[in-house]
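Note: the block below is final.pdb and it holds PDB, C-alpha atoms.
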ATOM      1  CA  MET A   1       0.000   0.000   0.000
ATOM      2  CA  ALA A   2       1.366   3.407  -0.925
ATOM      3  CA  TYR A   3       2.080   5.844   1.887
ATOM      4  CA  ASP A   4       0.094   9.085   1.616
ATOM      5  CA  ARG A   5       0.998  11.731   4.179
ATOM      6  CA  ASP A   6      -1.866  14.049   3.307
ATOM      7  CA  ALA A   7      -4.400  11.223   3.577
ATOM      8  CA  ILE A   8      -3.255  10.436   7.131
ATOM      9  CA  VAL A   9      -3.353  14.119   8.083
ATOM     10  CA  GLY A  10      -6.822  14.403   6.547
ATOM     11  CA  CYS A  11      -8.092  11.353   8.450
ATOM     12  CA  LEU A  12      -6.944  12.753  11.789
ATOM     13  CA  LYS A  13      -8.332  16.221  11.042
ATOM     14  CA  ARG A  14     -11.668  14.693  10.062
ATOM     15  CA  HIS A  15     -11.686  12.688  13.291
ATOM     16  CA  TYR A  16     -11.121  15.788  15.419
ATOM     17  CA  ASP A  17     -13.652  17.785  13.388
ATOM     18  CA  LEU A  18     -16.266  15.103  14.048
ATOM     19  CA  LEU A  19     -15.541  15.236  17.789
ATOM     20  CA  VAL A  20     -16.046  19.011  17.627
ATOM     21  CA  ARG A  21     -19.321  18.699  15.700
ATOM     22  CA  MET A  22     -20.567  16.138  18.226
ATOM     23  CA  ALA A  23     -20.017  18.758  20.971
ATOM     24  CA  TYR A  24     -17.346  16.606  22.587
ATOM     25  CA  LEU A  25     -14.151  18.455  21.753
ATOM     26  CA  ASN A  26     -13.646  22.195  22.159
ATOM     27  CA  PRO A  27     -12.186  23.516  18.889
ATOM     28  CA  THR A  28      -9.714  25.635  20.863
ATOM     29  CA  THR A  29      -8.151  22.382  22.100
ATOM     30  CA  ILE A  30      -6.848  21.607  18.613
ATOM     31  CA  GLN A  31      -3.451  22.968  17.606
ATOM     32  CA  GLU A  32      -3.262  23.238  13.820
ATOM     33  CA  PRO A  33       0.150  23.321  12.144
ATOM     34  CA  PRO A  34       1.123  26.295   9.985
ATOM     35  CA  PRO A  35       0.863  25.685   6.204
ATOM     36  CA  SER A  36       4.546  24.802   6.015
ATOM     37  CA  GLY A  37       4.287  22.434   8.992
ATOM     38  CA  TRP A  38       5.591  22.622  12.558
ATOM     39  CA  SER A  39       9.128  23.978  12.764
ATOM     40  CA  ASP A  40      12.182  22.400  14.381
ATOM     41  CA  ASP A  41      11.657  24.801  17.290
ATOM     42  CA  GLN A  42       8.109  23.514  17.846
ATOM     43  CA  LEU A  43       8.599  19.758  17.526
ATOM     44  CA  ALA A  44      10.977  17.440  19.364
ATOM     45  CA  ILE A  45      12.888  16.836  16.139
ATOM     46  CA  ASP A  46      16.352  16.286  17.614
ATOM     47  CA  ILE A  47      15.016  13.783  20.143
ATOM     48  CA  LEU A  48      13.047  11.860  17.524
ATOM     49  CA  ARG A  49      16.094  11.655  15.279
ATOM     50  CA  ALA A  50      18.184  10.479  18.230
ATOM     51  CA  MET A  51      15.593   7.744  18.781
ATOM     52  CA  GLY A  52      15.984   6.619  15.193
ATOM     53  CA  ARG A  53      12.877   8.026  13.531
ATOM     54  CA  SER A  54      13.092   8.484   9.779
ATOM     55  CA  GLU A  55      12.755  11.784   7.941
ATOM     56  CA  LYS A  56       9.432  10.580   6.475
ATOM     57  CA  VAL A  57       8.108  10.080  10.008
ATOM     58  CA  ILE A  58       9.295  13.537  11.016
ATOM     59  CA  ASP A  59       7.685  15.030   7.904
ATOM     60  CA  LEU A  60       4.357  13.423   8.867
ATOM     61  CA  LEU A  61       4.600  14.730  12.433
ATOM     62  CA  ARG A  62       5.268  18.237  11.117
ATOM     63  CA  HIS A  63       1.841  18.304   9.464
ATOM     64  CA  LEU A  64      -0.372  16.623  12.076
ATOM     65  CA  PRO A  65      -2.763  18.553  14.312
ATOM     66  CA  TYR A  66      -2.160  18.090  18.040
ATOM     67  CA  LEU A  67      -4.246  18.649  21.158
ATOM     68  CA  HIS A  68      -3.323  21.051  23.921
ATOM     69  CA  GLU A  69      -1.813  19.221  26.875
ATOM     70  CA  THR A  70      -3.823  19.111  30.095
ATOM     71  CA  LYS A  71      -2.323  19.763  33.516
ATOM     72  CA  HIS A  72      -2.837  16.235  34.784
ATOM     73  CA  TYR A  73      -2.599  12.829  33.076
ATOM     74  CA  ASP A  74      -6.046  11.774  34.290
ATOM     75  CA  GLU A  75      -7.565  14.851  32.625
ATOM     76  CA  ASP A  76      -6.207  14.048  29.168
ATOM     77  CA  ILE A  77      -8.909  13.995  26.522
ATOM     78  CA  HIS A  78      -9.879  10.646  25.061
ATOM     79  CA  ILE A  79     -10.130  10.594  21.272
ATOM     80  CA  TYR A  80     -11.296   6.952  21.230
ATOM     81  CA  PRO A  81     -12.286   4.650  24.114
ATOM     82  CA  GLU A  82      -9.520   4.813  26.749
ATOM     83  CA  THR A  83      -7.277   6.295  24.051
ATOM     84  CA  MET A  84      -5.440   9.623  24.137
ATOM     85  CA  ALA A  85      -3.447  11.448  21.481
ATOM     86  CA  ILE A  86       0.323  11.816  21.604
ATOM     87  CA  SER A  87       1.626  15.313  20.933
ATOM     88  CA  TYR A  88       5.097  15.481  19.432
ATOM     89  CA  ARG A  89       5.440  19.173  20.199
ATOM     90  CA  ASN A  90       8.515  19.800  22.315
ATOM     91  CA  ASP A  91       6.563  21.660  25.009
ATOM     92  CA  THR A  92       4.674  18.553  26.153
ATOM     93  CA  GLY A  93       5.363  16.254  29.074
ATOM     94  CA  TRP A  94       6.960  13.478  27.023
ATOM     95  CA  PHE A  95       9.892  15.690  26.104
ATOM     96  CA  ARG A  96      10.336  18.077  29.030
ATOM     97  CA  GLY A  97      13.727  17.520  30.598
ATOM     98  CA  GLN A  98      14.804  15.284  27.723
ATOM     99  CA  THR A  99      17.610  15.970  25.265
ATOM    100  CA  ALA A 100      18.863  14.310  22.125
ATOM    101  CA  GLU A 101      21.853  13.109  24.143
ATOM    102  CA  SER A 102      19.731  11.548  26.901
ATOM    103  CA  CYS A 103      17.558   9.758  24.327
ATOM    104  CA  GLN A 104      20.301   8.710  21.913
ATOM    105  CA  GLY A 105      19.779   5.089  20.903
ATOM    106  CA  LYS A 106      16.760   4.637  23.204
ATOM    107  CA  THR A 107      13.569   3.012  21.960
ATOM    108  CA  LEU A 108      10.297   4.919  21.720
ATOM    109  CA  GLY A 109       9.044   2.865  24.652
ATOM    110  CA  TYR A 110      11.584   4.672  26.834
ATOM    111  CA  LEU A 111       9.377   7.783  26.643
ATOM    112  CA  CYS A 112       6.105   5.794  26.504
ATOM    113  CA  LEU A 113       5.740   6.693  22.827
ATOM    114  CA  MET A 114       5.154   3.026  21.962
ATOM    115  CA  PRO A 115       3.202   0.391  23.903
ATOM    116  CA  PHE A 116       6.230  -1.920  23.992
ATOM    117  CA  GLU A 117       9.880  -1.595  24.969
ATOM    118  CA  GLU A 118      11.352  -3.369  21.960
ATOM    119  CA  ASP A 119      12.829  -1.384  19.103
ATOM    120  CA  CYS A 120      10.848  -0.840  15.921
ATOM    121  CA  PRO A 121      11.826   0.195  12.384
ATOM    122  CA  PRO A 122      12.592   3.876  11.704
ATOM    123  CA  GLY A 123       9.338   4.273   9.763
ATOM    124  CA  PHE A 124       7.129   3.442  12.772
ATOM    125  CA  ILE A 125       5.355   6.012  14.942
ATOM    126  CA  SER A 126       2.357   5.851  17.285
ATOM    127  CA  LEU A 127      -0.363   8.501  17.356
ATOM    128  CA  THR A 128      -1.994   7.400  20.623
ATOM    129  CA  TYR A 129      -1.293   6.113  24.128
ATOM    130  CA  GLY A 130      -3.023   4.940  27.309
ATOM    131  CA  ASN A 131      -2.997   1.972  29.669
ATOM    132  CA  LEU A 132      -6.074   0.476  27.974
ATOM    133  CA  ALA A 133      -5.735   2.350  24.697
ATOM    134  CA  THR A 134      -6.188   1.303  21.133
ATOM    135  CA  ASP A 135      -2.715   2.112  19.878
ATOM    136  CA  TRP A 136      -2.688   3.668  16.413
ATOM    137  CA  ILE A 137       0.733   2.635  15.115
ATOM    138  CA  ILE A 138       1.678   3.880  11.654
ATOM    139  CA  ASP A 139       4.156   2.007   9.454
ATOM    140  CA  ILE A 140       5.112   4.657   6.932
ATOM    141  CA  ASP A 141       7.363   2.429   4.838
ATOM    142  CA  GLU A 142       4.556  -0.050   4.133
ATOM    143  CA  GLY A 143       1.752   2.532   4.156
ATOM    144  CA  VAL A 144      -0.270   0.598   6.752
ATOM    145  CA  MET A 145      -1.228   0.873  10.396
ATOM    146  CA  PHE A 146      -1.683  -1.468  13.341
ATOM    147  CA  ALA A 147      -4.612  -0.745  15.657
ATOM    148  CA  SER A 148      -4.016  -2.737  18.829
ATOM    149  CA  ASP A 149      -6.272  -2.634  21.892
ATOM    150  CA  GLY A 150      -3.919  -4.701  24.037
ATOM    151  CA  ASN A 151      -5.428  -8.085  23.216
ATOM    152  CA  ILE A 152      -3.124 -10.690  21.713
ATOM    153  CA  VAL A 153      -4.170 -11.465  18.143
ATOM    154  CA  ASP A 154      -1.138 -13.549  17.200
ATOM    155  CA  ALA A 155       1.162 -14.894  19.906
ATOM    156  CA  ASN A 156       3.447 -16.546  17.367
ATOM    157  CA  VAL A 157       4.871 -13.454  15.704
ATOM    158  CA  PRO A 158       8.660 -12.997  15.785
ATOM    159  CA  GLU A 159       9.950 -11.463  19.010
ATOM    160  CA  ASP A 160      11.389  -8.517  17.108
ATOM    161  CA  GLN A 161       7.954  -7.591  15.680
ATOM    162  CA  PRO A 162       5.860  -6.903  18.814
ATOM    163  CA  TRP A 163       3.520  -4.527  16.955
ATOM    164  CA  ARG A 164       2.045  -7.549  15.159
ATOM    165  CA  ARG A 165       0.947  -9.269  18.378
ATOM    166  CA  GLY A 166      -2.109  -7.082  18.839
ATOM    167  CA  GLY A 167      -3.283  -6.358  15.328
ATOM    168  CA  LYS A 168      -2.971  -7.147  11.668
ATOM    169  CA  PRO A 169      -1.825  -4.504   9.172
ATOM    170  CA  ARG A 170      -4.686  -2.299   8.023
ATOM    171  CA  ASP A 171      -5.175   0.183   5.227
ATOM    172  CA  ILE A 172      -4.978   3.516   7.035
ATOM    173  CA  LYS A 173      -7.876   5.252   5.311
ATOM    174  CA  ASP A 174     -10.100   2.166   5.572
ATOM    175  CA  TYR A 175      -9.466   1.990   9.313
ATOM    176  CA  PHE A 176     -10.282   5.645   9.926
ATOM    177  CA  ASP A 177     -13.374   5.343   7.726
ATOM    178  CA  GLU A 178     -14.553   2.559  10.062
ATOM    179  CA  VAL A 179     -13.859   4.703  13.129
ATOM    180  CA  TYR A 180     -15.793   7.579  11.544
ATOM    181  CA  PHE A 181     -18.763   5.334  10.721
ATOM    182  CA  ASP A 182     -18.786   3.846  14.229
ATOM    183  CA  MET A 183     -19.031   7.339  15.703
ATOM    184  CA  VAL A 184     -21.704   8.755  13.400
ATOM    185  CA  SER A 185     -23.750   5.572  13.931
ATOM    186  CA  LEU A 186     -23.152   5.828  17.708
ATOM    187  CA  LYS A 187     -21.500   2.456  18.013
ATOM    188  CA  VAL A 188     -18.827   4.546  19.708
ATOM    189  CA  VAL A 189     -20.219   7.527  21.624
ATOM    190  CA  PRO A 190     -18.320  10.731  22.488
ATOM    191  CA  ALA A 191     -19.884  11.871  25.771
ATOM    192  CA  PRO A 192     -19.185  15.539  26.619
ATOM    193  CA  PRO A 193     -18.641  16.586  30.250
ATOM    194  CA  ALA A 194     -21.774  16.575  32.398
ATOM    195  CA  GLY A 195     -21.900  17.655  36.027
ATOM    196  CA  ARG A 196     -19.003  16.087  37.884
ATOM    197  CA  TRP A 197     -18.264  13.719  35.027
ATOM    198  CA  GLY A 198     -15.511  14.597  32.595
ATOM    199  CA  PRO A 199     -15.593  13.880  28.867
ATOM    200  CA  ALA A 200     -15.229  10.266  27.800
ATOM    201  CA  ILE A 201     -15.699   8.139  24.719
ATOM    202  CA  ILE A 202     -17.639   4.962  25.372
ATOM    203  CA  TYR A 203     -18.948   2.058  23.371
ATOM    204  CA  GLY A 204     -22.631   2.142  22.459
ATOM    205  CA  GLU A 205     -25.215  -0.492  23.211
ATOM    206  CA  GLY A 206     -23.962  -4.023  23.647
ATOM    207  CA  PRO A 207     -25.830  -7.181  22.685
ATOM    208  CA  GLU A 208     -28.046  -6.975  25.773
ATOM    209  CA  GLY A 209     -29.104  -3.389  25.073
ATOM    210  CA  GLN A 210     -26.918  -1.877  27.756
ATOM    211  CA  VAL A 211     -24.270   0.754  27.298
ATOM    212  CA  ARG A 212     -20.883  -0.930  27.400
ATOM    213  CA  CYS A 213     -17.974   1.064  28.799
ATOM    214  CA  THR A 214     -14.306   0.189  28.551
TER     215      THR A 214
END

Structure translated into structure tokens:
Amino acid sequence: MAYDRDAIVGCLKRHYDLLVRMAYLNPTTIQEPPPSGWSDDQLAIDILRAMGRSEKVIDLLRHLPYLHETKHYDEDIHIYPETMAISYRNDTGWFRGQTAESCQGKTLGYLCLMPFEEDCPPGFISLTYGNLATDWIIDIDEGVMFASDGNIVDANVPEDQPWRRGGKPRDIKDYFDEVYFDMVSLKVVPAPPAGRWGPAIIYGEGPEGQVRCT
């Protein structure tokens, strides 16, 4: 499958736009890149290069929208059930206090930028995180993604390919089209804050007619 940077950017923008239109996400939360992309001064470019990310990965990250960071981890906004977005801006918690020297040769898991500690190819990057998250892992070189919710799909994959344990390679646009359909059909429901309850994204009705939460 051919890699298409603009298609990935468009899928993520459409996802955030839908969350805004469903009164879940405040539009001021979204940080849009300038037309030329985020600069070296705005993204953690040196750190990502030190951790072995390819220039194609960095080019993608330059053009993605990000969400403003919250003050506390437990206040981070879910963009999918139990799933939060990673921001690769250098003013976020992942990169504060880090330098290219301190991260040289480290895996992405060292900064919790991947759901596993093992190394991965230079063309891999994750867009999401969370203890119970669906990890959206992009493989730029193959033009596919792995969407893993933590369940083991294939326990027999090679040890040096941990991203394949939890999901099979998917066409990126097809996957995000499914996510979009699930939300507009309320199979997945963005619930805005109400009273003492913060915003959350939950699964819709289960087989017994009851709302199923993660």

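Candidate residues A:Pro122, A:Trp197, A:Phe95, A:Val179 were compared for distance to Leu18 (chain A), and the nearest is A:Val179, using all atoms listed in the file.
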
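Distances from A:Leu108, A:Val9, A:Leu19, A:Ile77 to Tyr180 (chain A) were compared using only C-alpha atoms, and the smallest one belongs to A:Leu19.
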
Worksheet item: So what does the PyMOL selection byres ((chain A and resi 85) around 10) actually pick up in this one, as a PyMOL selection string?
Response: chain A and resi 66-69+76-80+83-84+86-88+126-130+133+135-136

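Between CA of Asp91 (chain A) and CA of Ser39 (chain A) there is a distance of 12.7 Å.
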
- What do you get, as a ChimeraX atom specification, if you spell out every residue that the PyMOL selection byres ((chain A and resi 148-150) around 6) selects here? /A:133-135,147,151,166-167

Grab the residues selected above and save them as a short mmCIF file (atom, residue, chain, number, x, y, z; two decimals), in the frame of the given file with C-alpha atoms.
data_model
loop_
_atom_site.label_atom_id
_atom_site.label_comp_id
_atom_site.auth_asym_id
_atom_site.auth_seq_id
_atom_site.Cartn_x
_atom_site.Cartn_y
_atom_site.Cartn_z
CA ALA A 133 -5.74 2.35 24.70
CA THR A 134 -6.19 1.30 21.13
CA ASP A 135 -2.72 2.11 19.88
CA ALA A 147 -4.61 -0.74 15.66
CA ASN A 151 -5.43 -8.09 23.22
CA GLY A 166 -2.11 -7.08 18.84
CA GLY A 167 -3.28 -6.36 15.33
#

As a check of understanding: the span from CA of Cys11 (chain A) to CA of Pro169 (chain A) is 17.1 Å

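Here CA of Glu142 (chain A) stands at a distance of 8.6 Å from CA of Gly123 (chain A).
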
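The residue that comes closest to Ala7 (chain A), out of A:Val153, A:Cys120, A:Leu60, A:Ala200 and on the basis of all atoms listed in the file, is A:Leu60.
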
Any idea what's packed within 12 Å of Glu55 (chain A), counting all atoms listed in the file, ignoring anything in its chain fewer than 6 positions away? Could you give it as a list in words?
Ile45, Asp46, Leu48, Arg49, Leu61, Arg62, Pro122, Gly123, Phe124, Ile125, Ile140 and Asp141 of chain A

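Residues with any atom within 7 Å of Val189 (chain A), counting only C-alpha atoms and excluding same-chain neighbours fewer than 6 positions away, are Met183, Ile201, Ile202, Tyr203 and Gly204 of chain A.
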
For the provided coordinates, the residues matched by the PyMOL selection byres ((chain A and resi 3) around 10) should be stated as number ranges by chain. A: 1-2, 4-8, 56, 138-144, 171-172

Excluding Met51 (chain A) and its own-chain neighbours fewer than 4 positions away, which residues fall within 9 Å of it when counting only C-alpha atoms? Please give them as a PyMOL selection string.
chain A and resi 46-47+100+103-108+122

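Considering the residues A:Leu132, A:Met145, A:Pro190, A:Glu82 and counting all atoms listed in the file, Tyr16 (chain A) has its shortest atom-to-atom contact with A:Pro190.
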
Can you sort out region 43-63 of chain A so it carries N, CA and C atoms, written as an mmCIF file, in the coordinates of the input?
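See out-v8.cif below for the written result:
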data_model
loop_
_atom_site.group_PDB
_atom_site.id
_atom_site.type_symbol
_atom_site.label_atom_id
_atom_site.label_comp_id
_atom_site.auth_asym_id
_atom_site.auth_seq_id
_atom_site.Cartn_x
_atom_site.Cartn_y
_atom_site.Cartn_z
ATOM 1 N N LEU A 43 8.657 21.205 17.348
ATOM 2 C CA LEU A 43 8.599 19.758 17.526
ATOM 3 C C LEU A 43 9.896 19.244 18.140
ATOM 4 N N ALA A 44 9.803 18.066 18.732
ATOM 5 C CA ALA A 44 10.977 17.440 19.364
ATOM 6 C C ALA A 44 11.800 16.703 18.308
ATOM 7 N N ILE A 45 12.231 17.441 17.292
ATOM 8 C CA ILE A 45 12.888 16.836 16.139
ATOM 9 C C ILE A 45 14.195 16.153 16.523
ATOM 10 N N ASP A 46 15.043 16.854 17.262
ATOM 11 C CA ASP A 46 16.352 16.286 17.614
ATOM 12 C C ASP A 46 16.203 14.998 18.416
ATOM 13 N N ILE A 47 15.234 14.981 19.329
ATOM 14 C CA ILE A 47 15.016 13.783 20.143
ATOM 15 C C ILE A 47 14.522 12.628 19.278
ATOM 16 N N LEU A 48 13.583 12.912 18.385
ATOM 17 C CA LEU A 48 13.047 11.860 17.524
ATOM 18 C C LEU A 48 14.122 11.291 16.604
ATOM 19 N N ARG A 49 14.986 12.151 16.100
ATOM 20 C CA ARG A 49 16.094 11.655 15.279
ATOM 21 C C ARG A 49 17.047 10.811 16.115
ATOM 22 N N ALA A 50 17.304 11.246 17.346
ATOM 23 C CA ALA A 50 18.184 10.479 18.230
ATOM 24 C C ALA A 50 17.598 9.111 18.549
ATOM 25 N N MET A 51 16.259 9.013 18.511
ATOM 26 C CA MET A 51 15.593 7.744 18.781
ATOM 27 C C MET A 51 15.351 6.954 17.498
ATOM 28 N N GLY A 52 15.969 7.417 16.411
ATOM 29 C CA GLY A 52 15.984 6.619 15.193
ATOM 30 C C GLY A 52 14.825 6.790 14.253
ATOM 31 N N ARG A 53 14.013 7.856 14.434
ATOM 32 C CA ARG A 53 12.877 8.026 13.531
ATOM 33 C C ARG A 53 13.342 8.575 12.183
ATOM 34 N N SER A 54 12.698 8.105 11.134
ATOM 35 C CA SER A 54 13.092 8.484 9.779
ATOM 36 C C SER A 54 12.609 9.888 9.440
ATOM 37 N N GLU A 55 13.170 10.450 8.380
ATOM 38 C CA GLU A 55 12.755 11.784 7.941
ATOM 39 C C GLU A 55 11.317 11.776 7.435
ATOM 40 N N LYS A 56 10.834 10.658 6.903
ATOM 41 C CA LYS A 56 9.432 10.580 6.475
ATOM 42 C C LYS A 56 8.503 10.629 7.680
ATOM 43 N N VAL A 57 8.894 9.990 8.772
ATOM 44 C CA VAL A 57 8.108 10.080 10.008
ATOM 45 C C VAL A 57 8.073 11.521 10.499
ATOM 46 N N ILE A 58 9.220 12.158 10.533
ATOM 47 C CA ILE A 58 9.295 13.537 11.016
ATOM 48 C C ILE A 58 8.471 14.461 10.131
ATOM 49 N N ASP A 59 8.498 14.222 8.816
ATOM 50 C CA ASP A 59 7.685 15.030 7.904
ATOM 51 C C ASP A 59 6.199 14.864 8.205
ATOM 52 N N LEU A 60 5.760 13.641 8.492
ATOM 53 C CA LEU A 60 4.357 13.423 8.867
ATOM 54 C C LEU A 60 4.016 14.188 10.136
ATOM 55 N N LEU A 61 4.872 14.078 11.154
ATOM 56 C CA LEU A 61 4.600 14.730 12.433
ATOM 57 C C LEU A 61 4.560 16.245 12.296
ATOM 58 N N ARG A 62 5.287 16.782 11.337
ATOM 59 C CA ARG A 62 5.268 18.237 11.117
ATOM 60 C C ARG A 62 3.887 18.728 10.681
ATOM 61 N N HIS A 63 3.096 17.866 10.066
ATOM 62 C CA HIS A 63 1.841 18.304 9.464
ATOM 63 C C HIS A 63 0.596 17.821 10.202
#
